[in-house]
Every structure is written in C-alpha cells, then in structure tokens.
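Report on the following structure.
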Amino acid sequence: MLGRGGSGGGIAGLSRRGFLAAAAGAAVAAALPQAAPRRRLLQMNGYPIDAETPLDLLTTYLTPNDLFFVRHHWNPVFPDSAAWTLTVDGEVERPLTLSLADLKKMPQATATCVLQCAGNGRALHRPIVPGVQWTYGAVGNARWSGVRVRDVLARAGVKAGARHLHTFGTDKPPEKVPPFHRSIEIEKILEDGLIALTMNGEPLPQLHGGPARLVVPGWAGDHWMKWLDRISPQASPQTGFYMDVAYRYPRTPGEPGVAFKAEEMSPVTELFVKSNITEAPARATRGRAVTIRGFALSGAPHVAKVEVTDDGGATWAEALLGKDDDPHAWRLWSFPYTPKAAGRVTLRARATDERGSIQPKDAVWNQSGYLYNGWPSAEIEVGA
Amino acid sequence: MRVRARAAAVGGLVLAAALLLGQATAGSTRDEALPVLGSELGDFPAGALKPLAEQACFHCHSADMVKQQRLTEKQWTAEITKMVGWGAVVPEDQRAALIAYLFEHFGPDNDRFHPVVAKPLGR
C-alpha cells in the first residue's frame, strides 16, 4: 500500500477499512508511484475546514505545517496578531492581559510532540458512529515553541484551591451551538503545558490556531485550544456540552453498538498506544526482503517497541525504531520483511509503550468514535 | 457532485474558506491542478427535500459533513434533534421528511462520499 515504489494499490488491502479509506487509497493510486507523493490533504469538510493527511505523507518525524491535518468546529474569525491578547483571570492573585510581544519576551520552551484528533480513526469503528469520518491521518508530529503555561500562571500567582485550568479561544459558535469551552486538570497543564507561538519554527499558522494555541503533550487534540485568548484557573472543571457530553470515553469496555451512559464515561485525556503503517509494497517476491514503515505514538512519553505479524498475531517480530525520540512525540519505525511463501499475506502492526500498554487488536467501541487504536494492516501479494 | 464555494454560499454566509483562500502561498510549486483546501464543496442530492436540507445545514457547515455519514434512521433522528436544538431551521411538520431524505441517501450503506483531494494552503 502507499508504497513510494509500489503500484499504489495497496491501501485497498488495509483491513477494517471504510469506504473513506478506499477513497484515500484511490487518491494515493492517483499519485505517481515513482515520484515523490503529491503534497495534498484529504478534505472532509469544505466549511468548517476539516482535512486529514494521507498516510503516505506521514513518513517524516516532523509533519510539515502545510500537510498537517486541519480540524475546525466552525468557521473561525482569525485573531489579528497585533491586537490579540491573552487574558489570565480566575483564581489568581494578579489578573493579567498579555500581548504577543509580552509572551515573546518571556522564557521560550519547545516541545516536539504528537497532536492527534480525539476522533482520528472514527470511520473505522463498528458499528458506525456519527461525526467527521476521519480514517488515519488526523494526526501529526510537530515542534512547538512558546511559553510554558506554568510560567504565565506563576506571573499571575495561582491561588490555593485552583484545580482546573479553564481555556477559551476566539472562535465563536453559530446560532445556539454551545461554545467550545474546556478545562484541564491543573497538575497536567503545570507539568508540561505550553502556549505555542510557533510550529516547526514558523509563526503558528492561523489555520492551526495562530497566533497562540495550547499544546498538551500526550493528550488528545480537544485539549489543545486553538486561537487561545483566555486561561482561568478555577476550583471546578468547566461545564457544558464539550465537557459533559462530547469528548468522553467509557471507563470500561462495553458491547459495541450499545451507547454508554454519561456516568459510565470520563473525559478523553491521554492518547492510547497506537501504530500505523505508512509504507508497504503492494507486491513482493518470496525470499526477497521488502521494507515496511510506519509511526507509533502513545499517551506515555515514549514508545518501547513496535512489532509486526504476518500470521494474524500468533507470532510477532520486532521492528526497528527510528532514532528521533522526544517525550510524547511519535516514533518512526521500519521493518524488513522477507515473505516466506507465495500468495496473499496480511501484515499487522502493534505498538507497546514504556508503561507496558499494548495496542489492542480491536479498539474499544464508543458512540462518539474516540481514540481508535486497533491494529493497522497491509496486504501484500507475494509472487513465487 | 461538487460546486465551487461561491456558488454554494447561501444567506450571506461568510465562508472561512474565502478568508483562507487569500493565504495561499504565492509562487507555489504545488500541483496547481488540485483545488485549494476549502474551495470545493459537496452538494445535496436532487429531490424535493434538497432546499430544506440546504436551509437547515448550510448556515453552519457544508453538505460534506452530512454526505460522509452512514447512519441509521434512529441516528439521523438524534442528529436532527440535536441540530434543531442548536438552531437549525426545520419546520416541525417537515422534520420527518428531512430525516427520511437523509436516511435514504446517507444510510449505513452510503458509499458515495469521497474526500476532496485538495492542495494545502500556505505554511
């Protein structure tokens, strides 16, 4: 599948695919198999813009800004960087209003980490669930730089008793749609939260929340508030649709297709351990090695290993991990595979993180389709 | 079938796409044959309910959001109930017909949606 040197037909071999994946495969096939893949995004919605990255473009440690997936809840009115300010209020000793210039004067920090939409892979859940039908590419890895949230909150002086950081952005919902107001446990945001002003060394693109967005390493994208304009420590969590109904995940697995009650779910926080296959040839020859590649990520800071099976999970062989390895970043991997027999073979991959969490064969079904992390697969036609 | 953004703008809707289009990098070396991200929009299937679907949906999102769904009648009913609560204009006496139209075209066997292969915007 997706092979730079292959026929381009392979993604159709991905099991568990939906028609969207097949569509993505068709797009891949349209790209010249011998040339560099065409720089493109797969647009899911014209407005608000939602677009994912084709898997064959997710082969570099850092995902280029223009190829990074885009997810907007509604049509944003982009802030004017010159007039933009960040308000810090709530349970603080000294409420602040900071300009972009103010933030740039503060100590700058960098985090290289994965941003993945909570709903990435939604189209792969069965039974089918509503929402943007992301397949594989609502994920990317970038180098984010800006100001640590803890440094900003230290200037404001957080009062004892503040347990949650309420976060707000400038995008306003239409009609009676509830606002996208969120909160994060204060311990997490003080640990490694970042107010990002740059992405891969460039000013944070407006499309991705510029001039400033939250970066919450290891946590799903719903926490990474775009067009951030206010942070407010509070004693209690934020309330509202995007806290109490959306972005919640079952505490224990249930029967697929049976909706969980609100009290059976908790907010989506950390990402789940997951690998994807980004490159594999559609065809190979028995006894001749080919290379399979992919990426792996987790809510744990580091991925420990990636394994590949060609017998449905009965036996696994370890892949080679790439040298780039930042906390909460993804890890590229490669696997030299030598087919032992002619015929059609299905390769599957699974990642294990440093905490020992292993990517499951099947993801836990939930009615909103969050955090899909079932084994990815690729089919190869092996000739004699 | 897809239409260009301008043709699908209804009710004075200001598309974010229009703002974004102005940001495409000048002198881009990318494949000019692809439509720019956000410039191409899906269209609802022909039928008596098409104008109502447009009226109900287009104020907040393009038809693409609807066309990629594969929902049961029960799921469509829940979606329309939610959207009406959020301000979608659907007269009470036409709600059942709209749900039937959506279920007919975008039910569980819907396999007609394809993402637009789009040219990225500037970095």
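Letters A, B, ... mark the chains of the structure tokens in the order given; residue numbers begin at 1 per chain; ligand numbers begin at 1, in order shown.
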
Item to check | Interface list for chain B, partner chain A, 6 Å threshold, only C-alpha atoms, as a PyMOL selection string | outcome: chain B and resi 16+38+41+61-62+64-65+86-87+111+114-120+122-123

Next on the checklist: Could you go through range 131-360 of chain A and tell me which residues DSSP, when run on the backbone, assigns to strand (DSSP E or B), listing them as a ChimeraX atom specification?
Outcome noted: /A:139-148,158,164-169,182-185,194-199,202-203,213-215,219,228-234,248-250,265-267,270,274-280,283-285,290-297,303-309,317-318,320-321,331-337,343-353,358

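Residue nearest Ile195 in chain A within the list A:Arg155, A:His302, A:Arg150, A:His125: A:Arg150 [criterion: smallest interatomic distance, only C-alpha atoms].
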
Next on the checklist: What's around Ile99 in chain B at 9 Å? Count only C-alpha atoms, leave out sequence neighbours fewer than 6 positions away in its own chain, and write the answer as a PyMOL selection string.
Outcome noted: chain B and resi 73+76-77+80

Could you turn the residues from that selection into a file that holds C-alpha atoms, as an mmCIF file, in the first residue's frame?
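New file part-v9.cif:
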```cif
data_model
loop_
_atom_site.group_PDB
_atom_site.id
_atom_site.type_symbol
_atom_site.label_atom_id
_atom_site.label_comp_id
_atom_site.auth_asym_id
_atom_site.auth_seq_id
_atom_site.Cartn_x
_atom_site.Cartn_y
_atom_site.Cartn_z
ATOM 1 C CA GLU B 73 -32.806 6.245 10.923
ATOM 2 C CA TRP B 76 -30.387 10.574 11.939
ATOM 3 C CA THR B 77 -33.331 11.381 14.172
ATOM 4 C CA ILE B 80 -31.614 16.333 13.578
#
```

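Once range 83-85 of chain A and its same-chain neighbours fewer than 6 positions away are set aside, Thr97, Leu98, Ser99, Leu100 and Asp229 of chain A remain within 7 Å of it when counting only C-alpha atoms.
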
What does the file look like for those residues with C-alpha atoms, as a compact mmCIF listing (two decimals), in the first residue's frame?
```txt
# COMPACT_ATOMS: atom_id res chain seq x y z
CA THR A 97 -3.52 40.75 29.97
CA LEU A 98 -0.56 39.76 27.81
CA SER A 99 0.16 40.72 24.22
CA LEU A 100 2.05 38.56 21.76
CA ASP A 229 -7.30 34.12 24.30
```

Item to check | Within 9 Å of Phe44 in chain B using only C-alpha atoms, minus same-chain residues under 6 positions, as a ChimeraX atom specification | outcome: /B:1,50-51,53-54,63-64,66-67

Go ahead and write the selection's residues with C-alpha atoms as a PDB file, in the first residue's frame.
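Everything below was put into result.pdb:
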```
ATOM      1  CA  MET B   1     -21.393  16.427  -7.443  1.00  0.00           C
ATOM      2  CA  LYS B  50     -32.851  19.418  -1.040  1.00  0.00           C
ATOM      3  CA  PRO B  51     -33.825  23.071  -0.400  1.00  0.00           C
ATOM      4  CA  ALA B  53     -31.542  20.377   3.777  1.00  0.00           C
ATOM      5  CA  GLU B  54     -29.640  23.390   2.480  1.00  0.00           C
ATOM      6  CA  ALA B  63     -23.059  19.360   2.766  1.00  0.00           C
ATOM      7  CA  ASP B  64     -19.854  17.336   3.092  1.00  0.00           C
ATOM      8  CA  VAL B  66     -23.749  15.215   6.037  1.00  0.00           C
ATOM      9  CA  LYS B  67     -22.647  13.260   2.986  1.00  0.00           C
TER      10      LYS B  67
END
```

Item to check | Pairwise distance for CA of Ile380 in chain A and CA of Val303 in chain A, rounded to one decimal in Å | outcome: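 Distance between the two atoms: 26.3 Å.
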
Checklist entry - Can you tell me how far CA of Glu318 in chain A sits from CA of Arg288 in chain A, in Å to one decimal? => result 18.4 Å

Checklist entry - By how many Å are CA of Ala142 in chain A and CA of Phe168 in chain A apart? => result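 Going from CA of Ala142 in chain A over to CA of Phe168 in chain A covers 22.5 Å.
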
Checklist entry - Can you list every residue in range 86-293 of chain A that DSSP puts in alpha helix (DSSP H), as a ChimeraX atom specification? => result /A:100-105,149-156,186-192,241-244

Next on the checklist: Set the distance at 6 Å and use only C-alpha atoms: which residues neighbour range 183-194 of chain A once local chain neighbours fewer than 4 positions away are removed? I'd like the list as a ChimeraX atom specification.
Outcome noted: /A:147-150,163-167,214-216,237-238

N, CA and C atoms of the current selection, written as a short mmCIF file (atom, residue, chain, number, x, y, z; two decimals), in the first residue's frame:
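Result saved to selection-v2.cif:
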```
data_model
loop_
_atom_site.label_atom_id
_atom_site.label_comp_id
_atom_site.auth_asym_id
_atom_site.auth_seq_id
_atom_site.Cartn_x
_atom_site.Cartn_y
_atom_site.Cartn_z
N VAL A 147 5.59 29.67 25.29
CA VAL A 147 5.77 29.95 26.72
C VAL A 147 5.11 28.84 27.53
N ARG A 148 5.80 28.40 28.56
CA ARG A 148 5.20 27.38 29.43
C ARG A 148 4.00 27.98 30.16
N VAL A 149 2.93 27.20 30.23
CA VAL A 149 1.74 27.67 30.95
C VAL A 149 2.11 27.98 32.41
N ARG A 150 3.00 27.16 32.98
CA ARG A 150 3.34 27.37 34.39
C ARG A 150 4.06 28.70 34.60
N ARG A 163 -7.96 24.02 40.85
CA ARG A 163 -7.68 22.63 40.45
C ARG A 163 -7.77 22.41 38.93
N HIS A 164 -8.42 23.32 38.24
CA HIS A 164 -8.66 23.14 36.81
C HIS A 164 -8.36 24.44 36.06
N LEU A 165 -7.71 24.31 34.93
CA LEU A 165 -7.47 25.49 34.10
C LEU A 165 -8.55 25.54 33.01
N HIS A 166 -9.42 26.55 33.11
CA HIS A 166 -10.43 26.73 32.07
C HIS A 166 -9.77 27.43 30.88
N THR A 167 -10.10 26.98 29.68
CA THR A 167 -9.44 27.52 28.50
C THR A 167 -10.48 27.99 27.48
N LEU A 214 -2.86 26.10 22.77
CA LEU A 214 -2.31 25.25 23.82
C LEU A 214 -1.69 24.01 23.20
N VAL A 215 -0.63 23.57 23.81
CA VAL A 215 -0.03 22.27 23.50
C VAL A 215 -0.07 21.47 24.79
N VAL A 216 -0.68 20.31 24.72
CA VAL A 216 -0.85 19.46 25.91
C VAL A 216 -0.25 18.10 25.56
N PRO A 237 -14.15 21.83 37.42
CA PRO A 237 -13.98 21.69 35.98
C PRO A 237 -14.97 22.58 35.22
N GLN A 238 -14.64 22.86 33.98
CA GLN A 238 -15.57 23.53 33.08
C GLN A 238 -16.82 22.66 32.89
#
```

Checklist outcome for this item: From the list A:Lys340, A:His181, A:Arg355, A:Arg348, the nearest residue to Tyr247 in chain A using only C-alpha atoms is A:His181

Identify, on the basis of only C-alpha atoms, every residue whose closest approach to Gly369 in chain A does not exceed 6 Å; exclude the query and any residue fewer than 2 positions from it along the same chain; express the result as a compact mmCIF listing (two decimals) with N, CA and C atoms, in the first residue's frame.
```txt
# COMPACT_ATOMS: atom_id res chain seq x y z
N GLY A 119 -10.93 12.11 17.58
CA GLY A 119 -11.76 11.29 16.69
C GLY A 119 -11.00 10.65 15.55
N ARG A 122 -12.24 7.48 13.58
CA ARG A 122 -13.68 7.28 13.86
C ARG A 122 -14.34 6.41 12.81
N ASN A 366 -17.06 3.17 21.08
CA ASN A 366 -17.79 4.17 21.89
C ASN A 366 -18.59 5.02 20.93
N GLN A 367 -19.70 5.56 21.39
CA GLN A 367 -20.67 6.16 20.47
C GLN A 367 -20.19 7.42 19.78
```

Checklist outcome for this item: Using only C-alpha atoms, the shortest atom-to-atom distance to His105 in chain B among B:Ala33, B:Cys57, B:Ser39, B:Gln68 belongs to B:Gln68
